[in-house]
file protein.cif (mmCIF, C-alpha atoms)
data_model
loop_
_atom_site.label_atom_id
_atom_site.label_comp_id
_atom_site.auth_asym_id
_atom_site.auth_seq_id
_atom_site.Cartn_x
_atom_site.Cartn_y
_atom_site.Cartn_z
CA MET A 1 0.00 0.00 0.00
CA SER A 2 1.45 3.39 -1.01
CA LYS A 3 1.81 6.14 1.55
CA GLN A 4 -0.86 8.16 -0.22
CA THR A 5 -3.29 5.22 -0.18
CA GLU A 6 -2.49 4.48 3.45
CA MET A 7 -3.09 8.10 4.39
CA ARG A 8 -6.47 8.14 2.62
CA SER A 9 -7.38 4.85 4.28
CA ARG A 10 -6.62 6.31 7.71
CA GLU A 11 -8.66 9.39 6.96
CA LEU A 12 -11.61 7.32 5.80
CA THR A 13 -11.32 5.07 8.87
CA ALA A 14 -11.32 8.10 11.15
CA ILE A 15 -14.43 9.46 9.47
CA LEU A 16 -16.23 6.13 9.68
CA GLU A 17 -15.30 5.63 13.33
CA GLU A 18 -16.52 9.12 14.10
CA VAL A 19 -19.87 8.22 12.54
CA VAL A 20 -20.33 4.89 14.33
CA GLY A 21 -18.56 5.70 17.54
CA GLY A 22 -15.49 3.54 16.97
CA GLY A 23 -17.44 0.54 15.80
CA ALA A 24 -16.16 0.36 12.20
CA PRO A 25 -14.55 -2.96 11.14
CA ALA A 26 -10.76 -2.72 10.89
CA ASP A 27 -10.59 -3.46 7.17
CA LEU A 28 -13.70 -1.58 6.08
CA ALA A 29 -11.86 1.51 4.91
CA GLN A 30 -9.56 -0.66 2.80
CA ARG A 31 -12.52 -2.51 1.27
CA VAL A 32 -14.27 0.75 0.40
CA SER A 33 -11.09 2.17 -1.12
CA GLU A 34 -10.50 -0.96 -3.18
CA ARG A 35 -14.07 -0.91 -4.46
CA LEU A 36 -13.68 2.68 -5.55
CA ARG A 37 -10.33 1.92 -7.16
CA ASN A 38 -11.74 -1.08 -9.07
CA MET A 39 -14.73 0.81 -10.49
CA PRO A 40 -14.55 1.38 -14.28
CA ARG A 41 -12.66 4.56 -14.91
CA ARG A 42 -14.78 7.03 -16.81
CA ARG A 43 -14.12 10.66 -17.30
CA GLY A 44 -16.66 13.31 -16.60
CA PRO A 45 -19.73 13.61 -14.40
CA SER A 46 -20.89 9.96 -14.73
CA TYR A 47 -17.83 8.64 -12.88
CA LEU A 48 -18.15 11.26 -10.18
CA LEU A 49 -21.85 10.41 -9.82
CA ALA A 50 -21.09 6.71 -9.37
CA ALA A 51 -18.53 7.46 -6.69
CA ALA A 52 -20.96 9.79 -4.95
CA VAL A 53 -23.66 7.12 -4.98
CA LEU A 54 -21.25 4.59 -3.43
CA LEU A 55 -20.17 6.99 -0.72
CA GLY A 56 -23.78 7.94 -0.10
CA GLY A 57 -24.57 4.27 0.42
CA VAL A 58 -21.77 4.02 2.95
CA GLY A 59 -23.26 6.97 4.79
CA VAL A 60 -26.67 5.31 4.97
CA VAL A 61 -25.18 2.03 6.20
CA PHE A 62 -23.27 3.73 8.96
CA ALA A 63 -26.08 6.00 9.98
CA THR A 64 -28.01 2.77 10.56
CA ALA A 65 -25.05 1.26 12.39
CA LYS A 66 -24.82 4.30 14.60
CA GLN A 67 -28.52 4.03 15.41
CA GLN A 68 -28.08 0.36 16.28
CA ALA A 69 -25.09 1.17 18.43
CA GLY A 70 -27.12 3.82 20.18
CA ASP A 71 -29.90 1.34 20.78
CA GLU A 72 -27.41 -1.04 22.39
CA ARG A 73 -25.88 1.68 24.55
CA PHE A 74 -29.29 2.79 25.82
CA GLU A 75 -30.89 -0.62 26.10
CA GLY A 76 -33.46 -0.56 28.86
CA ALA A 77 -34.05 3.19 28.57
CA ALA A 78 -37.55 4.51 27.90
CA PRO A 79 -38.45 4.26 24.19
CA ALA A 80 -38.61 7.47 22.20
CA VAL A 81 -42.07 8.99 21.98
CA ALA A 82 -43.32 9.41 18.41
CA GLN A 83 -43.57 13.02 17.40
CA ASP A 84 -47.12 14.32 17.38
CA PRO A 85 -48.51 14.56 13.83
CA MET A 86 -49.24 18.26 14.32
CA GLN A 87 -45.50 18.82 14.76
CA GLN A 88 -44.53 17.12 11.49
CA ASP A 89 -45.57 19.79 8.99
CA PRO A 90 -48.93 18.08 8.38
CA LYS A 91 -51.10 18.57 5.33
CA SER A 92 -54.27 18.66 7.43
CA VAL A 93 -55.53 19.30 10.94
CA SER A 94 -56.86 16.23 12.76
CA LEU A 95 -59.83 16.68 15.10
CA GLN A 96 -60.56 13.53 17.08
CA ILE A 97 -63.81 13.00 18.96
CA GLN A 98 -63.38 10.55 21.82
CA LEU A 99 -65.71 8.91 24.31
CA VAL A 100 -64.73 9.24 27.96
CA GLU A 101 -66.09 7.60 31.09
CA ALA A 102 -69.86 7.48 31.12
CA ASN A 103 -70.06 8.95 34.60
CA SER A 104 -71.86 12.22 33.96
CA LYS A 105 -75.22 12.83 32.37
CA THR A 106 -75.61 15.13 29.41
CA GLU A 107 -78.41 17.67 29.11
CA ALA A 108 -80.35 15.06 27.11
CA GLY A 109 -80.21 12.71 30.11
CA SER A 110 -78.06 9.99 28.56
CA GLU A 111 -74.95 8.82 30.37
CA ARG A 112 -72.42 9.85 27.79
CA LYS A 113 -69.55 12.27 27.62
CA VAL A 114 -67.14 13.17 24.84
CA ALA A 115 -63.81 14.94 24.64
CA TRP A 116 -61.83 16.27 21.72
CA ARG A 117 -58.20 16.16 20.68
CA VAL A 118 -56.69 18.55 18.17
CA GLY A 119 -53.07 17.68 17.50
CA SER A 120 -51.47 17.37 20.93
CA SER A 121 -54.18 19.40 22.69
CA LYS A 122 -56.77 17.56 24.78
CA ILE A 123 -60.01 19.52 25.06
CA ALA A 124 -62.86 18.91 27.50
CA SER A 125 -65.59 21.33 26.37
CA LEU A 126 -67.14 22.44 23.10
CA GLU A 127 -66.41 26.06 23.99
CA ALA A 128 -62.72 25.29 24.48
CA LEU A 129 -62.72 23.37 21.20
CA GLY A 130 -63.99 26.46 19.39
CA LYS A 131 -61.24 28.60 20.91
CA GLU A 132 -58.52 26.10 19.98
CA LEU A 133 -59.78 25.84 16.40
CA HIS A 134 -59.83 29.65 16.14
CA ARG A 135 -56.24 29.74 17.40
CA ILE A 136 -55.10 27.20 14.83
CA ALA A 137 -57.00 28.90 11.99
CA SER A 138 -55.36 32.26 12.78
CA ASP A 139 -51.85 30.80 13.04
CA PRO A 140 -49.77 31.47 9.87
CA GLU A 141 -48.24 28.01 10.30
CA SER A 142 -51.64 26.55 9.47
CA GLN A 143 -51.48 28.05 5.99
CA ARG A 144 -50.35 25.84 3.13
CA GLU A 145 -49.55 26.54 -0.49
CA HIS A 146 -52.34 25.52 -2.85
CA VAL A 147 -51.79 25.19 -6.60
CA LEU A 148 -54.72 26.45 -8.65
CA ALA A 149 -55.70 25.50 -12.18
CA GLY A 150 -53.17 26.97 -14.59
CA GLY A 151 -50.34 26.72 -12.10
CA ALA A 152 -51.10 29.80 -10.01
CA LYS A 153 -50.42 29.44 -6.29
CA ARG A 154 -52.03 30.83 -3.18
CA ARG A 155 -51.84 30.36 0.56
CA GLU A 156 -54.89 28.92 2.28
CA LEU A 157 -55.91 27.26 5.51
CA MET A 158 -55.18 23.56 5.80
CA PRO A 159 -58.13 21.17 5.56
CA LEU A 160 -59.53 19.66 8.73
CA ILE A 161 -60.45 15.99 9.17
CA VAL A 162 -63.00 15.03 11.82
CA ARG A 163 -62.22 11.57 13.23
CA PRO A 164 -65.02 10.23 15.45
CA ALA A 165 -64.23 7.27 17.72
CA PRO A 166 -66.58 4.25 17.77
CA GLY A 167 -69.73 5.06 19.72
CA VAL A 168 -69.64 8.81 19.05
CA LYS A 169 -73.06 10.23 18.22
CA TRP A 170 -74.17 12.03 15.07
CA ASN A 171 -74.89 15.19 17.04
CA ASP A 172 -71.28 15.26 18.30
CA VAL A 173 -69.92 15.04 14.76
CA LEU A 174 -72.08 17.92 13.54
CA ALA A 175 -71.29 20.05 16.60
CA ALA A 176 -67.55 19.63 16.00
CA THR A 177 -68.01 20.38 12.29
CA ASP A 178 -70.02 23.49 13.12
CA ALA A 179 -67.29 24.69 15.48
CA ALA A 180 -64.67 24.19 12.75
CA MET A 181 -66.75 26.18 10.28
CA ALA A 182 -67.15 28.98 12.81
CA ALA A 183 -63.36 29.03 13.23
CA GLY A 184 -62.90 29.58 9.50
CA PHE A 185 -62.11 26.15 8.12
CA GLY A 186 -63.55 25.91 4.62
CA GLU A 187 -62.43 22.37 3.78
CA ILE A 188 -63.72 19.87 6.29
CA ASP A 189 -63.88 16.12 5.77
CA TRP A 190 -65.26 13.35 7.94
CA GLU A 191 -62.98 10.37 8.30
CA GLN A 192 -63.29 8.08 5.27
CA PHE A 193 -65.77 10.45 3.67
CA ASP A 194 -65.23 13.50 1.47
CA THR A 195 -67.74 16.19 2.42
CA ALA A 196 -67.09 18.37 -0.63
CA ALA A 197 -70.70 18.15 -1.87
CA ILE A 198 -72.54 18.28 1.47
CA VAL A 199 -74.94 21.03 2.54
CA PHE A 200 -76.56 21.39 5.95
CA LYS A 201 -80.24 22.16 5.39
CA GLY A 202 -82.43 23.74 8.07
CA VAL A 203 -85.54 21.58 7.86
CA ALA A 204 -88.77 22.29 9.72
CA SER A 205 -90.26 19.32 11.61
CA THR A 206 -93.76 18.65 12.87
CA PRO A 207 -94.14 17.86 16.59
CA ALA A 208 -94.58 14.17 15.71
CA GLU A 209 -91.44 14.17 13.55
CA GLU A 210 -89.51 15.96 16.28
CA ARG A 211 -90.46 13.27 18.79
CA GLU A 212 -89.63 10.39 16.44
CA LEU A 213 -86.59 11.84 14.71
CA PRO A 214 -85.13 14.89 16.50
CA LEU A 215 -82.54 16.57 14.31
CA PRO A 216 -79.16 17.97 15.38
CA LYS A 217 -78.76 21.70 15.80
CA VAL A 218 -76.05 23.70 14.04
CA VAL A 219 -75.41 27.37 13.37
CA PHE A 220 -74.10 27.16 9.82
CA GLN A 221 -77.01 25.98 7.73
CA ALA A 222 -78.86 26.86 4.55
CA PRO A 223 -82.66 27.23 4.50
CA ASP A 224 -84.44 24.36 2.80
CA ASP A 225 -86.26 26.66 0.40
CA ALA A 226 -87.91 25.23 -2.71
CA PRO A 227 -86.32 21.77 -2.59
CA ASN A 228 -86.34 19.68 -5.76
CA LYS A 229 -89.61 17.73 -5.89
CA LEU A 230 -87.75 14.60 -6.96
CA ARG A 231 -85.34 14.71 -4.01
CA PRO A 232 -85.52 11.44 -2.05
CA THR A 233 -85.33 11.41 1.75
CA ILE A 234 -83.71 8.63 3.76
CA ASN A 235 -84.38 8.42 7.50
CA VAL A 236 -81.84 7.06 9.99
CA TYR A 237 -83.31 6.31 13.41
CA ARG A 238 -81.67 6.22 16.81
CA ASP A 239 -81.12 2.45 16.73
CA GLY A 240 -79.40 2.68 13.33
CA SER A 241 -82.36 1.41 11.29
CA ILE A 242 -82.91 3.04 7.90
CA ALA A 243 -86.14 3.66 6.00
CA HIS A 244 -87.43 5.36 2.84
CA ASP A 245 -91.08 6.37 2.41
CA GLY A 246 -91.99 4.20 5.37
CA ASP A 247 -90.27 1.10 3.94
CA PRO A 248 -87.61 -0.42 6.23
CA LEU A 249 -84.37 -0.87 4.33
CA PHE A 250 -81.91 -1.79 7.06
CA ALA A 251 -81.97 -2.85 10.69
CA THR A 252 -79.11 -3.72 12.98
CA VAL A 253 -79.13 -7.24 14.41
CA ALA A 254 -76.82 -7.94 17.34
CA GLY A 255 -74.17 -10.51 16.56
CA GLN A 256 -74.92 -10.62 12.84
CA PRO A 257 -73.19 -8.88 9.92
CA ALA A 258 -74.97 -5.93 8.37
CA GLU A 259 -77.32 -6.95 5.56
CA LEU A 260 -77.23 -3.98 3.19
CA GLU A 261 -78.52 -5.35 -0.11
CA ARG A 262 -82.07 -4.07 0.40
CA LEU A 263 -80.72 -0.58 1.08
CA ARG A 264 -78.45 -0.70 -1.96
CA ALA A 265 -81.28 -1.98 -4.17
CA ARG A 266 -83.55 0.93 -3.15
CA LEU A 267 -80.82 3.51 -3.78
CA ARG A 268 -80.14 1.99 -7.21
CA GLU A 269 -83.86 2.14 -7.92
CA LEU A 270 -83.94 5.82 -6.95
CA ARG A 271 -81.01 6.47 -9.26
CA THR A 272 -82.80 4.75 -12.15
CA ARG A 273 -85.89 6.92 -11.58
CA LEU A 274 -83.82 10.10 -11.63
CA LEU A 275 -81.92 9.06 -14.75
CA SER A 276 -85.24 8.37 -16.49
CA ALA A 277 -86.41 11.84 -15.51
CA GLY A 278 -83.30 13.34 -17.13
CA GLU A 279 -81.83 14.49 -13.82
CA VAL A 280 -78.25 13.80 -14.79
CA THR A 281 -75.16 15.73 -15.83
CA LEU A 282 -72.66 14.18 -18.22
CA GLN A 283 -69.16 15.19 -17.18
CA GLY A 284 -67.12 12.18 -18.12
CA ARG A 285 -69.53 10.14 -16.02
CA LYS A 286 -73.19 10.33 -15.10
CA THR A 287 -73.70 12.52 -12.05
CA LEU A 288 -77.14 12.97 -10.54
CA ASN A 289 -78.41 16.53 -10.34
CA VAL A 290 -80.88 15.75 -7.56
CA PRO A 291 -79.41 15.52 -4.03
CA LEU A 292 -80.20 12.92 -1.41
CA LEU A 293 -81.61 14.28 1.86
CA ILE A 294 -80.56 12.39 4.99
CA ARG A 295 -82.64 12.91 8.13
CA ALA A 296 -80.67 11.27 10.94
CA HIS A 297 -81.60 11.14 14.63
CA ARG A 298 -79.24 13.36 16.56
CA GLY A 299 -78.54 10.51 18.99
CA VAL A 300 -77.72 7.80 16.43
CA GLU A 301 -74.15 6.57 16.37
CA TRP A 302 -71.99 8.20 13.71
CA SER A 303 -71.07 4.84 12.19
CA HIS A 304 -74.65 4.28 10.99
CA VAL A 305 -74.74 7.59 9.11
CA GLN A 306 -71.23 7.00 7.80
CA ARG A 307 -72.35 3.67 6.35
CA LEU A 308 -75.24 5.32 4.49
CA LEU A 309 -73.03 8.12 3.16
CA GLN A 310 -70.50 5.65 1.79
CA ILE A 311 -73.13 3.48 0.10
CA ALA A 312 -74.87 6.50 -1.44
CA HIS A 313 -71.53 7.48 -2.99
CA GLU A 314 -70.82 4.09 -4.53
CA PRO A 315 -70.34 4.39 -8.33
CA GLU A 316 -73.38 2.28 -9.24
CA ILE A 317 -75.56 4.55 -7.06
CA GLY A 318 -73.81 7.87 -7.50
CA PHE A 319 -75.49 10.40 -5.20
CA ARG A 320 -72.73 13.01 -5.28
CA LYS A 321 -74.83 15.72 -3.66
CA ILE A 322 -75.88 15.09 -0.08
CA GLU A 323 -78.11 17.34 2.03
CA ILE A 324 -78.03 16.83 5.79
CA ALA A 325 -81.24 17.72 7.61
CA VAL A 326 -80.65 19.83 10.72
CA ALA A 327 -83.11 21.62 12.98
CA SER A 328 -84.14 24.88 11.39
CA SER A 329 -82.84 27.87 13.33
CA GLY A 330 -86.00 29.82 12.58
CA GLN A 331 -83.96 32.98 12.04
CA GLY A 332 -81.22 34.34 9.82
CA ALA A 333 -79.42 31.16 8.84
CA LYS A 334 -75.71 31.46 8.19
CA VAL A 335 -75.32 30.22 4.66
CA ASP A 336 -71.86 31.57 3.80
CA ARG A 337 -70.17 28.44 5.11
CA ALA A 338 -73.03 25.97 4.97
CA GLU A 339 -71.63 24.24 1.90
CA LEU A 340 -68.41 22.39 2.61
CA VAL A 341 -66.88 22.79 -0.84
CA LYS A 342 -63.16 22.41 -1.42
#
call {"tool": "encode", "arguments": {"input": "protein.cif", "output": "structure tokens"}}
result
Amino acid sequence: MSKQTEMRSRELTAILEEVVGGGAPADLAQRVSERLRNMPRRRGPSYLLAAAVLLGGVGVVFATAKQQAGDERFEGAAPAVAQDPMQQDPKSVSLQIQLVEANSKTEAGSERKVAWRVGSSKIASLEALGKELHRIASDPESQREHVLAGGAKRRELMPLIVRPAPGVKWNDVLAATDAAMAAGFGEIDWEQFDTAAIVFKGVASTPAEERELPLPKVVFQAPDDAPNKLRPTINVYRDGSIAHDGDPLFATVAGQPAELERLRARLRELRTRLLSAGEVTLQGRKTLNVPLLIRAHRGVEWSHVQRLLQIAHEPEIGFRKIEIAVASSGQGAKVDRAELVK
């Protein structure tokens, strides 16, 4: 080995040992040097690129080795806590709705209590949730670059995803959504469902309807003025059962899988009727012009409404416009943010 080669080998060994804390094999520097020396000699950028790739690979290997060495040195220490998603330059804000101990009665008399989590913040009241969402919406760090058609760019508030835990009620989902809208979020999705074509409609109910199917209350709603006469209405009751025009389409049975074919068949039938009436827009695919109105009991579990939303959006059914019935405010409805359009 020439003095020059030996000197380079020592330098490389020192670098490698610095990276892995002295754990580099004795002959590794020599092996790396020989591999570089035996590579086909080419002039120009391609040869330099190959050498850079090889050295880059060495860096990756020894970064891993260093991590493993660190793991061995600190064996038995507390594991590292994963960084909260809100601290990782997220593309959206996550709003979780969680059930807590059923040890306090709500104003409706049911033993149920929920809490919220936004990023790393745990929140115990709807009022505090609104304040936290306002804080996030006003924070410049919540703005993200959005590319418009034609390549133009603009800064806008990140989207928000509502993530209800199992057992969370429909009313809780709408209350959290309403709070997010009040805070200024314009793009709000429910977990596993895109709400881009959803409108909250303030629907008047008769006393009998209010007793049988009380609707959730929200601030941001649009009046249900002059609805399309062909618009179908699907009812979702407190126990999760679903009906259309008095016909039962789905009922939950404990211990048995959900039987959804009757529901799907009725929705396909409704689609066929609307297509025959010419209520369709051709935009690469057939999209129904007429929305589907969902009247869901405010106390039904979210999962039952989620199931209906997903089925209504299936390609062979294709209700792309959904109207959610909410209790009419009876006064100036806030319509500026009633439609959750991206």
call {"tool": "resolve_selection", "arguments": {"input": "protein.cif", "expression": "the PyMOL selection byres ((chain A and resi 138) around 12)", "output": "VMD selection string"}}
result
chain A and resid 131 to 137 139 to 143 156 to 158 183 to 185
call {"tool": "residues_around", "arguments": {"input": "protein.cif", "residues": "Asn235 of chain A", "least_positions_apart": "6", "cutoff": "10 Å", "atoms": "all atoms listed in the file", "output": "PyMOL selection string"}}
result
chain A and resi 213+241-246+248-249+293-297+305+325
call {"tool": "closest_residue", "arguments": {"input": "protein.cif", "among": "A:Gly240, A:Pro291, A:Gly278, A:Pro223", "to": "Arg307 of chain A", "atoms": "only C-alpha atoms"}}
result
A:Gly240
call {"tool": "residues_around", "arguments": {"input": "protein.cif", "residues": "Arg238 of chain A", "least_positions_apart": "5", "cutoff": "12 Å", "atoms": "all atoms listed in the file", "output": "ChimeraX atom specification"}}
result
/A:169-171,211-215,243,251-252,295-305
call {"tool": "write_last_selection", "arguments": {"input": "protein.cif", "atoms": "C-alpha atoms", "output": "PDB file, in the frame of the given file"}}
result
ATOM      1  CA  LYS A 169     -73.060  10.230  18.220  1.00  0.00           C
ATOM      2  CA  TRP A 170     -74.170  12.030  15.070  1.00  0.00           C
ATOM      3  CA  ASN A 171     -74.890  15.190  17.040  1.00  0.00           C
ATOM      4  CA  ARG A 211     -90.460  13.270  18.790  1.00  0.00           C
ATOM      5  CA  GLU A 212     -89.630  10.390  16.440  1.00  0.00           C
ATOM      6  CA  LEU A 213     -86.590  11.840  14.710  1.00  0.00           C
ATOM      7  CA  PRO A 214     -85.130  14.890  16.500  1.00  0.00           C
ATOM      8  CA  LEU A 215     -82.540  16.570  14.310  1.00  0.00           C
ATOM      9  CA  ALA A 243     -86.140   3.660   6.000  1.00  0.00           C
ATOM     10  CA  ALA A 251     -81.970  -2.850  10.690  1.00  0.00           C
ATOM     11  CA  THR A 252     -79.110  -3.720  12.980  1.00  0.00           C
ATOM     12  CA  ARG A 295     -82.640  12.910   8.130  1.00  0.00           C
ATOM     13  CA  ALA A 296     -80.670  11.270  10.940  1.00  0.00           C
ATOM     14  CA  HIS A 297     -81.600  11.140  14.630  1.00  0.00           C
ATOM     15  CA  ARG A 298     -79.240  13.360  16.560  1.00  0.00           C
ATOM     16  CA  GLY A 299     -78.540  10.510  18.990  1.00  0.00           C
ATOM     17  CA  VAL A 300     -77.720   7.800  16.430  1.00  0.00           C
ATOM     18  CA  GLU A 301     -74.150   6.570  16.370  1.00  0.00           C
ATOM     19  CA  TRP A 302     -71.990   8.200  13.710  1.00  0.00           C
ATOM     20  CA  SER A 303     -71.070   4.840  12.190  1.00  0.00           C
ATOM     21  CA  HIS A 304     -74.650   4.280  10.990  1.00  0.00           C
ATOM     22  CA  VAL A 305     -74.740   7.590   9.110  1.00  0.00           C
TER      23      VAL A 305
END
call {"tool": "atom_distance", "arguments": {"input": "protein.cif", "atom1": "atom CA of Phe220 of chain A", "atom2": "atom CA of Val93 of chain A"}}
result
20.2 Å
call {"tool": "closest_residue", "arguments": {"input": "protein.cif", "among": "A:Val147, A:Ile161, A:Ala277, A:Leu95", "to": "Leu129 of chain A", "atoms": "all atoms listed in the file"}}
result
A:Leu95
call {"tool": "atom_distance", "arguments": {"input": "protein.cif", "atom1": "atom CA of Val253 of chain A", "atom2": "atom CA of Tyr237 of chain A"}}
result
14.2 Å
call {"tool": "residues_around", "arguments": {"input": "protein.cif", "residues": "Pro159 of chain A", "least_positions_apart": "3", "cutoff": "6 Å", "atoms": "only C-alpha atoms", "output": "ChimeraX atom specification"}}
result
/A:92,187-188
call {"tool": "write_last_selection", "arguments": {"input": "protein.cif", "atoms": "C-alpha atoms", "output": "mmCIF file, in the coordinates of the input"}}
result
data_model
loop_
_atom_site.group_PDB
_atom_site.id
_atom_site.type_symbol
_atom_site.label_atom_id
_atom_site.label_comp_id
_atom_site.auth_asym_id
_atom_site.auth_seq_id
_atom_site.Cartn_x
_atom_site.Cartn_y
_atom_site.Cartn_z
ATOM 1 C CA SER A 92 -54.270 18.660 7.430
ATOM 2 C CA GLU A 187 -62.430 22.370 3.780
ATOM 3 C CA ILE A 188 -63.720 19.870 6.290
#
call {"tool": "atom_distance", "arguments": {"input": "protein.cif", "atom1": "atom CA of Leu174 of chain A", "atom2": "atom CA of Gly255 of chain A"}}
result
28.7 Å
call {"tool": "resolve_selection", "arguments": {"input": "protein.cif", "expression": "the PyMOL selection byres ((chain A and resi 224-227) around 7)", "output": "MDAnalysis selection string"}}
result
chainID A and resid 201:203 222:223 228:229
call {"tool": "closest_residue", "arguments": {"input": "protein.cif", "among": "A:Gln310, A:Leu270, A:Leu99, A:Leu126", "to": "Glu191 of chain A", "atoms": "all atoms listed in the file"}}
result
A:Gln310
call {"tool": "residues_around", "arguments": {"input": "protein.cif", "residues": "Thr195 of chain A", "least_positions_apart": "5", "cutoff": "12 Å", "atoms": "only C-alpha atoms", "output": "short mmCIF file (atom, residue, chain, number, x, y, z; two decimals) with C-alpha atoms, in the coordinates of the input"}}
result
data_model
loop_
_atom_site.label_atom_id
_atom_site.label_comp_id
_atom_site.auth_asym_id
_atom_site.auth_seq_id
_atom_site.Cartn_x
_atom_site.Cartn_y
_atom_site.Cartn_z
CA PRO A 159 -58.13 21.17 5.56
CA LEU A 160 -59.53 19.66 8.73
CA ILE A 161 -60.45 15.99 9.17
CA VAL A 162 -63.00 15.03 11.82
CA THR A 177 -68.01 20.38 12.29
CA GLY A 186 -63.55 25.91 4.62
CA GLU A 187 -62.43 22.37 3.78
CA ILE A 188 -63.72 19.87 6.29
CA ASP A 189 -63.88 16.12 5.77
CA TRP A 190 -65.26 13.35 7.94
CA PHE A 200 -76.56 21.39 5.95
CA GLN A 306 -71.23 7.00 7.80
CA LEU A 309 -73.03 8.12 3.16
CA GLN A 310 -70.50 5.65 1.79
CA HIS A 313 -71.53 7.48 -2.99
CA ARG A 320 -72.73 13.01 -5.28
CA LYS A 321 -74.83 15.72 -3.66
CA ILE A 322 -75.88 15.09 -0.08
CA GLU A 323 -78.11 17.34 2.03
CA ILE A 324 -78.03 16.83 5.79
CA ALA A 338 -73.03 25.97 4.97
CA GLU A 339 -71.63 24.24 1.90
CA LEU A 340 -68.41 22.39 2.61
CA VAL A 341 -66.88 22.79 -0.84
CA LYS A 342 -63.16 22.41 -1.42
#
